[in-house]
Amino acid sequence: MKIGLRLWILIIILGLSLLAIKPSFGEGVVVKSVDKNSELFNLGLRGGDIIKSINGNDIENKEDYSEAVEKILGGELKRIDITTDKKEYTFLINESLPLAVDDIPSSRIKLGLDLKGGSRALVQPEGEISDSQLEDLIQISRNRFNVYGLSDINIRGIRDLNGNKFMLVEVAGATPDDLETLISQQGKFEAKIGNVSVFTGGSEDISDVCRNDANCAGIQSCSQSQEGAYFCNFAFAIYLTEESAKRHSEETLKVGVDSTGQYLTEKLYLYVDEVEVDSLLISSGLRGQVTTQISIQGSGSGATREDAFNNAKESMNRLQTILITGSLPYKLSIVKLDNISPNLGKDFTKYLLIAGALSILMVSLIVFVRYRKFKITLAVLLTSFSELIIILGFASLIGWNLDLPSIAGILATIGTGVDQQVVIIDEAKRKQEISVRQKLKKALFVIVSAYLTALVSLLPLYWAAAGLFKGFAFTTIVGITSGVLITRPAFVELVRRIEEKTD
Amino acid sequence: MEEKTRNWYDRNHKIFLFIVLAFFVFCLVYLFIFQGKNGDIIYKDVSLTGGTTITIFDQNADINIIKEKLRERFEDINLRQISDFGTGKQKGFFVETGSDSEEIKKEIETIIGYELNEDNSSIEFTSSALSEGFYKQLRFAIMLSFIFMSIVVFIIFRSFVPSFAVILSAFADIVMTLVVVDIIGMKLSIAGIIAFLMLIGYSVDTDILLTSRLIKDNEGSLNSRIRGAFKTGITMTLTSIAAVLVSLIVVYNLSETLRQIFTIITIGLLFDILNTWITNTSLLKIYIERKERRK
């Protein structure tokens, strides 16, 4: 059978779509992020590398990885061998691996948060801000997340139909418990002696903050209170700029030494967002001294020793983050916060596939009952399927996240696609004195008209509701457009061949 | 036989049109009264009024007890089971309330006796200010969509009555579906509103087919053209209903979002049969016959 241009176009586009989706069946876990201060990073391990084995244990998936990593934990310095798809790494470590990993994706199709789990926060600054101010806010927030150690995160500015501006933060997969604080906390850090501000967070007053270095940052001690709760204390060093160090010394001169002679009578009070978080005794030796290094302390509590330890570590990380990045320029409020469990999505994907398969089956059945022709039914089936592949291919190509609204959009597209195929078949079969080619032209008129009405009715949705339903509008527009340009013409050619043969 | 049905159709189609139009007017009045009573033409769920939805994966929890206990503190609570499509077994449940997420989360934790985390639950919170804004924008978006669609229909057919008939029957689809949704007490979410938007696309399809067959073709009698268009159009609608209905059954107890989308489209498609093949067809038939008589 000679294949015409329209079919060739369909076949080529389908091939390209499959290439874009790029299904893969590799084993291992893919590195999503590496701590930049770690030895592994210095050795050359990077995000995107695929870990194949750890200490001789084959790693096929995330469960294997967790198992292998658990064996490493334990406090002593241990030798670790990691084999990736690129090279082998050997190093010593006494804490958890500075990595975030994930299963190798089975294709380039990206699922949205509501299908794969994760968190989404829509944050609104209080009061009006300009576009460039929003950009600043996003920049600082992004920096804050990076410093905090969250890398698989997507932040962008959003404007809705009413001109409201939002910052949308999306975290894929597991979410830290304190995401809410991290996002909305303005993080205005201030250290005061008495009522006088000595230094604030950010690079203006603080030249460096010690992190990930056991020599100057870490959990100092843990203890149990009489009520049974545990407490852990952390401390880390910060380095003041010369100016703020001078201010510090001047202020200490103004206060006296207490009765023991060890400490000054005033403490160094630490405030975050105007709430006192801790107060530190100032040793008398520092009085009037220009010291650039200051130790910041705090604590965390919990029902178990482990809880307290983790709490303290989190608090320390948060405080370090604020001190490094400085405060956010605006007060923020979280207007929408969704935490979607990854377990929910697994089910969704499975049942959506079942629903899709059953739907296509039912539609084919109806088409077969109506036309009693195997070839026509097959053509409808193949066309619907190609439409699906093309939408998925396009989505993979531009890295679009398929969320639930997107899936609804795909279903809508395939539904209208079948409708239009029915129009084509019926036009071709009508008993008229004109050629099949002319009949099909009439069908195309209906199809293009229907396409245009659907297209314009979808456009407003693109901007409404802070763009949360962009997915639906987008997949539907891509679907119906590819339908009109690619699959429908190909289907017309298929039907013409089938009909002309029977004529 | 053929001649007889044709005559029967010619004699009675205006009566059908009248009945459907009367029903349409009834629906408009219903929505008007509904609006007066409830302040809006629909019931809204927490995604449109603000509040929290918590989904908890718990195969063993006794939902009735939890519902009762939650009702003591949260009046507006809405709780439903999630179950597996294949086995029908409980997979968990979800709770909806206009309250803050922290409050309801704590209360649920006390009742079920364990902490909620990302492994066993999903929590979605929307502030009331935001959801009100969303609702207003979505309403505006639907109106805009409808207006855009109408303009395109006018441009395509360039003639008032046929274009008006298409737009009227799409509008009637939406209005009638709204009434059913209100009667069954469905609380619309954002997704539900999107479903109405999808409905615009679905319903206009068949109307365009009908109109182009009736006014752009001259072959055969008017009634035989109507019959031809009906055969094509009803196949289109039936395939759509079949696909949506099957999906609805699969996700029925799994996802509230999809359940609502599919339910609304199914109802809408059923009304579309009525509005395309009675409202739109009869209006067109009257229009074409008058035009021919004038010639």
# chains A, B, ... in the order shown; residues from 1 in each chain; ligands from 1
$ interface_residues --of "chain B" --to "chain A" --cutoff "8 Å" --atoms "only C-alpha atoms" --output "PyMOL selection string"
chain B and resi 118-127+129-130+133-135+137-138+141-142+144-146+148-150+152-153+156+191+197-198+200-202+204-205+208-209+212+219+232-233+235-240+242-244+246-247+250-251+254-255+258
$ residues_around --residues "Met186 of chain B" --least-positions-apart "4" --cutoff "10 Å" --atoms "only C-alpha atoms" --output "ChimeraX atom specification"
/B:42-45,178,180-182,192,260,263-264
$ atom_distance --atom1 "atom CA of Thr84 of chain A" --atom2 "atom CA of Lys52 of chain A"
5.2 Å
$ select_by_dssp --residues "segment 43-227 of chain B" --states "strand (DSSP E or B)" --output "compact mmCIF listing (two decimals) with C-alpha atoms, in the first residue's frame"
# COMPACT_ATOMS: atom_id res chain seq x y z
CA TYR B 43 -23.47 24.87 46.25
CA LYS B 44 -19.75 25.37 46.63
CA GLY B 51 -11.14 25.40 54.00
CA THR B 52 -9.39 22.10 54.34
CA THR B 53 -9.63 18.70 52.72
CA ILE B 54 -7.78 15.87 54.42
CA THR B 55 -7.48 12.46 52.78
CA ILE B 56 -6.46 9.68 55.12
CA ASN B 78 -18.27 16.33 55.13
CA LEU B 79 -16.77 12.86 55.22
CA ARG B 80 -16.69 10.13 52.61
CA GLN B 81 -15.13 6.75 52.12
CA ILE B 82 -12.56 6.03 49.43
CA SER B 83 -12.65 2.48 48.17
CA GLN B 90 -12.14 0.66 52.03
CA LYS B 91 -8.86 2.37 51.25
CA GLY B 92 -9.43 5.38 53.41
CA PHE B 93 -11.64 8.41 53.71
CA PHE B 94 -11.58 12.13 53.23
CA VAL B 95 -12.80 14.96 55.38
CA GLU B 96 -13.83 18.39 54.20
CA THR B 97 -14.38 21.39 56.40
CA SER B 121 -2.50 11.37 54.41
CA SER B 122 -2.83 14.33 52.09
CA ILE B 123 -3.83 17.76 53.31
CA GLU B 124 -5.10 20.54 51.10
CA PHE B 125 -5.85 23.98 52.42
CA THR B 126 -7.20 27.01 50.61
CA LYS B 187 -21.11 20.78 46.08
CA LEU B 188 -19.10 22.11 43.19
$ residues_around --residues "segment 23-36 of chain A" --least-positions-apart "2" --cutoff "8 Å" --atoms "only C-alpha atoms" --output "ChimeraX atom specification"
/A:18,21,38,40-42,45-53,59-62,65,98-108,149,151-152
$ write_last_selection --atoms "N, CA and C atoms" --output "short mmCIF file (atom, residue, chain, number, x, y, z; two decimals), in the first residue's frame"
data_model
loop_
_atom_site.label_atom_id
_atom_site.label_comp_id
_atom_site.auth_asym_id
_atom_site.auth_seq_id
_atom_site.Cartn_x
_atom_site.Cartn_y
_atom_site.Cartn_z
N LEU A 18 7.45 9.55 20.43
CA LEU A 18 7.98 8.43 21.20
C LEU A 18 9.40 8.74 21.65
N ILE A 21 9.17 11.02 24.56
CA ILE A 21 8.75 10.34 25.79
C ILE A 21 9.88 9.48 26.33
N SER A 38 29.96 18.94 50.34
CA SER A 38 30.36 17.60 50.73
C SER A 38 31.57 17.12 49.92
N LEU A 40 31.76 14.20 48.52
CA LEU A 40 31.28 13.53 47.31
C LEU A 40 31.18 14.51 46.15
N PHE A 41 30.73 15.72 46.48
CA PHE A 41 30.60 16.74 45.43
C PHE A 41 31.98 17.09 44.88
N ASN A 42 32.93 17.24 45.80
CA ASN A 42 34.29 17.56 45.37
C ASN A 42 34.89 16.44 44.53
N LEU A 45 30.75 13.73 42.00
CA LEU A 45 29.39 13.22 41.85
C LEU A 45 28.43 14.39 41.64
N ARG A 46 27.54 14.23 40.69
CA ARG A 46 26.63 15.33 40.35
C ARG A 46 25.19 14.83 40.20
N GLY A 47 24.28 15.77 40.26
CA GLY A 47 22.88 15.43 40.02
C GLY A 47 22.73 14.84 38.63
N GLY A 48 21.88 13.82 38.48
CA GLY A 48 21.70 13.19 37.17
C GLY A 48 22.50 11.90 37.04
N ASP A 49 23.54 11.75 37.88
CA ASP A 49 24.30 10.50 37.86
C ASP A 49 23.41 9.37 38.38
N ILE A 50 23.72 8.17 37.92
CA ILE A 50 22.90 7.04 38.34
C ILE A 50 23.72 6.09 39.21
N ILE A 51 23.27 5.91 40.44
CA ILE A 51 23.99 5.03 41.37
C ILE A 51 23.60 3.59 41.11
N LYS A 52 24.62 2.75 40.90
CA LYS A 52 24.36 1.35 40.57
C LYS A 52 24.58 0.45 41.78
N SER A 53 25.60 0.78 42.59
CA SER A 53 25.82 -0.04 43.78
C SER A 53 26.48 0.76 44.88
N ILE A 59 22.11 -1.66 43.67
CA ILE A 59 20.99 -0.76 43.94
C ILE A 59 20.09 -0.76 42.71
N GLU A 60 18.88 -1.28 42.88
CA GLU A 60 17.95 -1.29 41.75
C GLU A 60 16.90 -0.20 41.88
N ASN A 61 16.54 0.10 43.11
CA ASN A 61 15.51 1.12 43.30
C ASN A 61 15.73 1.85 44.62
N LYS A 62 14.80 2.73 44.95
CA LYS A 62 14.94 3.56 46.14
C LYS A 62 14.96 2.73 47.42
N TYR A 65 18.32 1.45 48.00
CA TYR A 65 19.18 2.55 48.42
C TYR A 65 19.02 2.82 49.91
N PRO A 98 25.30 12.81 51.80
CA PRO A 98 24.79 14.15 51.46
C PRO A 98 24.06 14.16 50.13
N LEU A 99 23.13 13.20 49.95
CA LEU A 99 22.49 13.01 48.64
C LEU A 99 20.98 12.98 48.76
N ALA A 100 20.33 13.35 47.69
CA ALA A 100 18.91 13.04 47.56
C ALA A 100 18.78 12.24 46.27
N VAL A 101 18.11 11.09 46.36
CA VAL A 101 18.00 10.25 45.17
C VAL A 101 16.54 9.92 44.87
N ASP A 102 16.31 9.40 43.69
CA ASP A 102 14.97 8.98 43.32
C ASP A 102 15.08 7.80 42.35
N ASP A 103 13.97 7.09 42.20
CA ASP A 103 13.96 6.01 41.21
C ASP A 103 14.20 6.61 39.83
N ILE A 104 14.80 5.81 38.95
CA ILE A 104 14.99 6.26 37.58
C ILE A 104 13.61 6.37 36.94
N PRO A 105 13.27 7.53 36.38
CA PRO A 105 11.95 7.65 35.78
C PRO A 105 11.82 6.69 34.59
N SER A 106 10.65 6.07 34.46
CA SER A 106 10.48 5.09 33.40
C SER A 106 10.27 5.76 32.05
N SER A 107 10.05 7.08 32.07
CA SER A 107 9.96 7.80 30.81
C SER A 107 10.15 9.28 31.13
N ARG A 108 10.15 10.10 30.08
CA ARG A 108 10.32 11.53 30.33
C ARG A 108 9.00 12.21 30.67
N GLY A 149 18.88 23.41 51.76
CA GLY A 149 19.20 22.07 51.30
C GLY A 149 18.09 21.44 50.48
N SER A 151 16.53 21.06 46.93
CA SER A 151 16.93 21.40 45.57
C SER A 151 15.83 21.09 44.56
N ASP A 152 15.05 20.05 44.84
CA ASP A 152 14.04 19.65 43.87
C ASP A 152 12.80 20.51 44.06
#
$ atom_distance --atom1 "atom CA of Leu70 of chain B" --atom2 "atom CA of Arg259 of chain B"
24.6 Å
$ atom_distance --atom1 "atom CA of Arg159 of chain A" --atom2 "atom CA of Ile138 of chain A"
13.4 Å
$ residues_around --residues "Ile108 of chain B" --least-positions-apart "4" --cutoff "8 Å" --atoms "only C-alpha atoms" --output "JSON, numbers by chain"
{"B": [66, 70, 104, 112]}
$ residues_around --residues "Val484 of chain A" --least-positions-apart "2" --cutoff "9 Å" --atoms "only C-alpha atoms" --output "PyMOL selection string"
chain A and resi 444+447-448+451+479-482+486-489
$ residues_around --residues "Arg305 of chain A" --least-positions-apart "3" --cutoff "10 Å" --atoms "only C-alpha atoms" --output "number ranges by chain"
A: 222-224, 229-232, 301-302, 308-311
$ select_by_dssp --residues "segment 30-70 of chain A" --states "alpha helix (DSSP H)" --output "PyMOL selection string"
chain A and resi 39-43+62-70
$ closest_residue --among "A:Gly261, A:Gly187, A:Gly112, A:Leu268" --to "Asn154 of chain A" --atoms "only C-alpha atoms"
A:Gly112
$ residues_around --residues "Ile389 of chain A" --least-positions-apart "2" --cutoff "8 Å" --atoms "only C-alpha atoms" --output "list in words"
Leu14, Ser17, Leu18, Phe385, Ser386, Glu387, Ile391, Leu392 and Gly393 of chain A
$ decode --residues "segment 114-253 of chain A" --atoms "C-alpha atoms" --output "CSV table (one decimal), in the first residue's frame"
chain,number,residue,atom,x,y,z
A,114,ASP,CA,-1.3,15.7,42.6
A,115,LEU,CA,-0.2,12.5,41.0
A,116,LYS,CA,3.3,11.9,42.3
A,117,GLY,CA,2.9,13.6,45.6
A,118,GLY,CA,4.6,16.6,47.1
A,119,SER,CA,3.7,20.0,48.3
A,120,ARG,CA,2.4,23.1,46.8
A,121,ALA,CA,2.1,26.5,48.4
A,122,LEU,CA,0.7,29.6,47.0
A,123,VAL,CA,2.1,32.6,48.8
A,124,GLN,CA,0.8,36.1,48.7
A,125,PRO,CA,2.8,39.1,49.8
A,126,GLU,CA,0.9,41.5,52.0
A,127,GLY,CA,0.2,44.7,50.2
A,128,GLU,CA,0.9,45.6,46.6
A,129,ILE,CA,4.2,44.8,45.1
A,130,SER,CA,5.6,45.4,41.6
A,131,ASP,CA,6.8,42.8,39.2
A,132,SER,CA,10.4,43.4,39.9
A,133,GLN,CA,9.7,43.2,43.6
A,134,LEU,CA,8.1,39.8,43.0
A,135,GLU,CA,11.2,38.7,41.1
A,136,ASP,CA,13.4,39.8,44.1
A,137,LEU,CA,11.2,37.9,46.4
A,138,ILE,CA,11.4,34.7,44.3
A,139,GLN,CA,15.2,35.1,44.0
A,140,ILE,CA,15.6,35.4,47.8
A,141,SER,CA,13.2,32.5,48.4
A,142,ARG,CA,15.1,30.3,45.9
A,143,ASN,CA,18.3,31.1,47.6
A,144,ARG,CA,16.8,30.3,50.9
A,145,PHE,CA,15.7,26.9,49.8
A,146,ASN,CA,19.1,26.2,48.3
A,147,VAL,CA,20.9,27.1,51.5
A,148,TYR,CA,18.4,25.1,53.5
A,149,GLY,CA,19.2,22.1,51.3
A,150,LEU,CA,16.0,21.7,49.2
A,151,SER,CA,16.9,21.4,45.6
A,152,ASP,CA,14.0,19.6,43.9
A,153,ILE,CA,11.9,22.7,44.1
A,154,ASN,CA,10.1,24.9,41.6
A,155,ILE,CA,9.4,28.5,42.4
A,156,ARG,CA,7.7,30.9,40.1
A,157,GLY,CA,5.7,34.1,40.1
A,158,ILE,CA,2.1,34.0,39.1
A,159,ARG,CA,-0.4,36.7,38.2
A,160,ASP,CA,-4.1,36.0,38.0
A,161,LEU,CA,-6.9,37.6,36.0
A,162,ASN,CA,-7.5,40.2,38.8
A,163,GLY,CA,-3.8,41.2,38.7
A,164,ASN,CA,-3.0,39.6,42.1
A,165,LYS,CA,0.5,38.4,42.4
A,166,PHE,CA,1.6,35.2,44.0
A,167,MET,CA,4.6,33.1,44.5
A,168,LEU,CA,4.0,29.5,43.7
A,169,VAL,CA,6.3,27.0,45.5
A,170,GLU,CA,6.3,23.4,44.5
A,171,VAL,CA,8.3,20.7,46.2
A,172,ALA,CA,8.2,17.3,44.6
A,173,GLY,CA,8.2,14.1,46.6
A,174,ALA,CA,9.0,14.1,50.3
A,175,THR,CA,8.4,17.4,52.0
A,176,PRO,CA,10.2,18.7,55.1
A,177,ASP,CA,7.9,19.2,58.0
A,178,ASP,CA,8.8,22.8,58.4
A,179,LEU,CA,8.1,23.8,54.8
A,180,GLU,CA,5.4,26.1,56.0
A,181,THR,CA,7.7,28.0,58.3
A,182,LEU,CA,10.4,28.0,55.6
A,183,ILE,CA,8.2,29.6,53.0
A,184,SER,CA,6.2,32.1,55.0
A,185,GLN,CA,8.6,33.1,57.7
A,186,GLN,CA,10.0,36.4,56.8
A,187,GLY,CA,13.1,35.5,58.8
A,188,LYS,CA,14.0,38.9,60.2
A,189,PHE,CA,17.0,38.1,62.4
A,190,GLU,CA,18.2,40.6,64.9
A,191,ALA,CA,20.7,40.3,67.7
A,192,LYS,CA,20.3,42.9,70.5
A,193,ILE,CA,22.2,43.9,73.6
A,194,GLY,CA,19.7,45.5,75.8
A,195,ASN,CA,17.5,47.4,73.4
A,196,VAL,CA,20.2,48.2,70.9
A,197,SER,CA,20.4,46.2,67.7
A,198,VAL,CA,24.0,44.9,67.2
A,199,PHE,CA,23.7,42.9,64.0
A,200,THR,CA,21.0,41.5,61.7
A,201,GLY,CA,20.8,38.5,59.3
A,202,GLY,CA,22.2,38.8,55.8
A,203,SER,CA,25.6,39.5,54.2
A,204,GLU,CA,25.6,43.2,55.4
A,205,ASP,CA,26.4,42.3,59.0
A,206,ILE,CA,27.5,38.7,58.7
A,207,SER,CA,30.4,37.7,56.5
A,208,ASP,CA,30.2,34.0,57.0
A,209,VAL,CA,28.2,31.3,58.8
A,210,CYS,CA,29.7,28.0,59.7
A,211,ARG,CA,27.7,25.0,58.3
A,212,ASN,CA,28.5,21.4,57.6
A,213,ASP,CA,31.7,21.6,59.5
A,214,ALA,CA,31.8,19.6,62.7
A,215,ASN,CA,34.6,21.9,64.0
A,216,CYS,CA,32.4,25.0,64.3
A,217,ALA,CA,28.7,23.8,63.9
A,218,GLY,CA,26.8,20.9,65.4
A,219,ILE,CA,24.7,19.4,68.2
A,220,GLN,CA,26.6,19.9,71.4
A,221,SER,CA,24.8,17.9,74.0
A,222,CYS,CA,21.5,16.2,74.7
A,223,SER,CA,19.8,15.7,78.1
A,224,GLN,CA,16.6,14.5,79.6
A,225,SER,CA,14.5,16.8,81.8
A,226,GLN,CA,12.7,15.6,84.9
A,227,GLU,CA,9.4,15.4,83.0
A,228,GLY,CA,11.0,13.0,80.6
A,229,ALA,CA,11.3,15.2,77.6
A,230,TYR,CA,14.6,15.4,75.8
A,231,PHE,CA,16.6,18.5,74.9
A,232,CYS,CA,19.5,18.9,72.5
A,233,ASN,CA,21.6,22.0,72.2
A,234,PHE,CA,23.2,23.2,69.1
A,235,ALA,CA,25.8,25.8,68.4
A,236,PHE,CA,27.5,27.3,65.4
A,237,ALA,CA,29.9,30.0,64.7
A,238,ILE,CA,29.2,33.1,62.7
A,239,TYR,CA,31.6,35.7,61.5
A,240,LEU,CA,30.7,39.4,61.7
A,241,THR,CA,31.7,42.0,59.3
A,242,GLU,CA,34.2,44.5,60.7
A,243,GLU,CA,31.5,47.1,61.1
A,244,SER,CA,29.1,45.0,63.1
A,245,ALA,CA,31.9,43.6,65.2
A,246,LYS,CA,32.8,47.2,66.1
A,247,ARG,CA,29.2,47.9,67.0
A,248,HIS,CA,29.2,44.8,69.2
A,249,SER,CA,32.3,45.9,71.1
A,250,GLU,CA,30.9,49.4,71.6
A,251,GLU,CA,27.7,48.0,73.1
A,252,THR,CA,29.5,45.6,75.4
A,253,LEU,CA,31.5,48.4,76.8
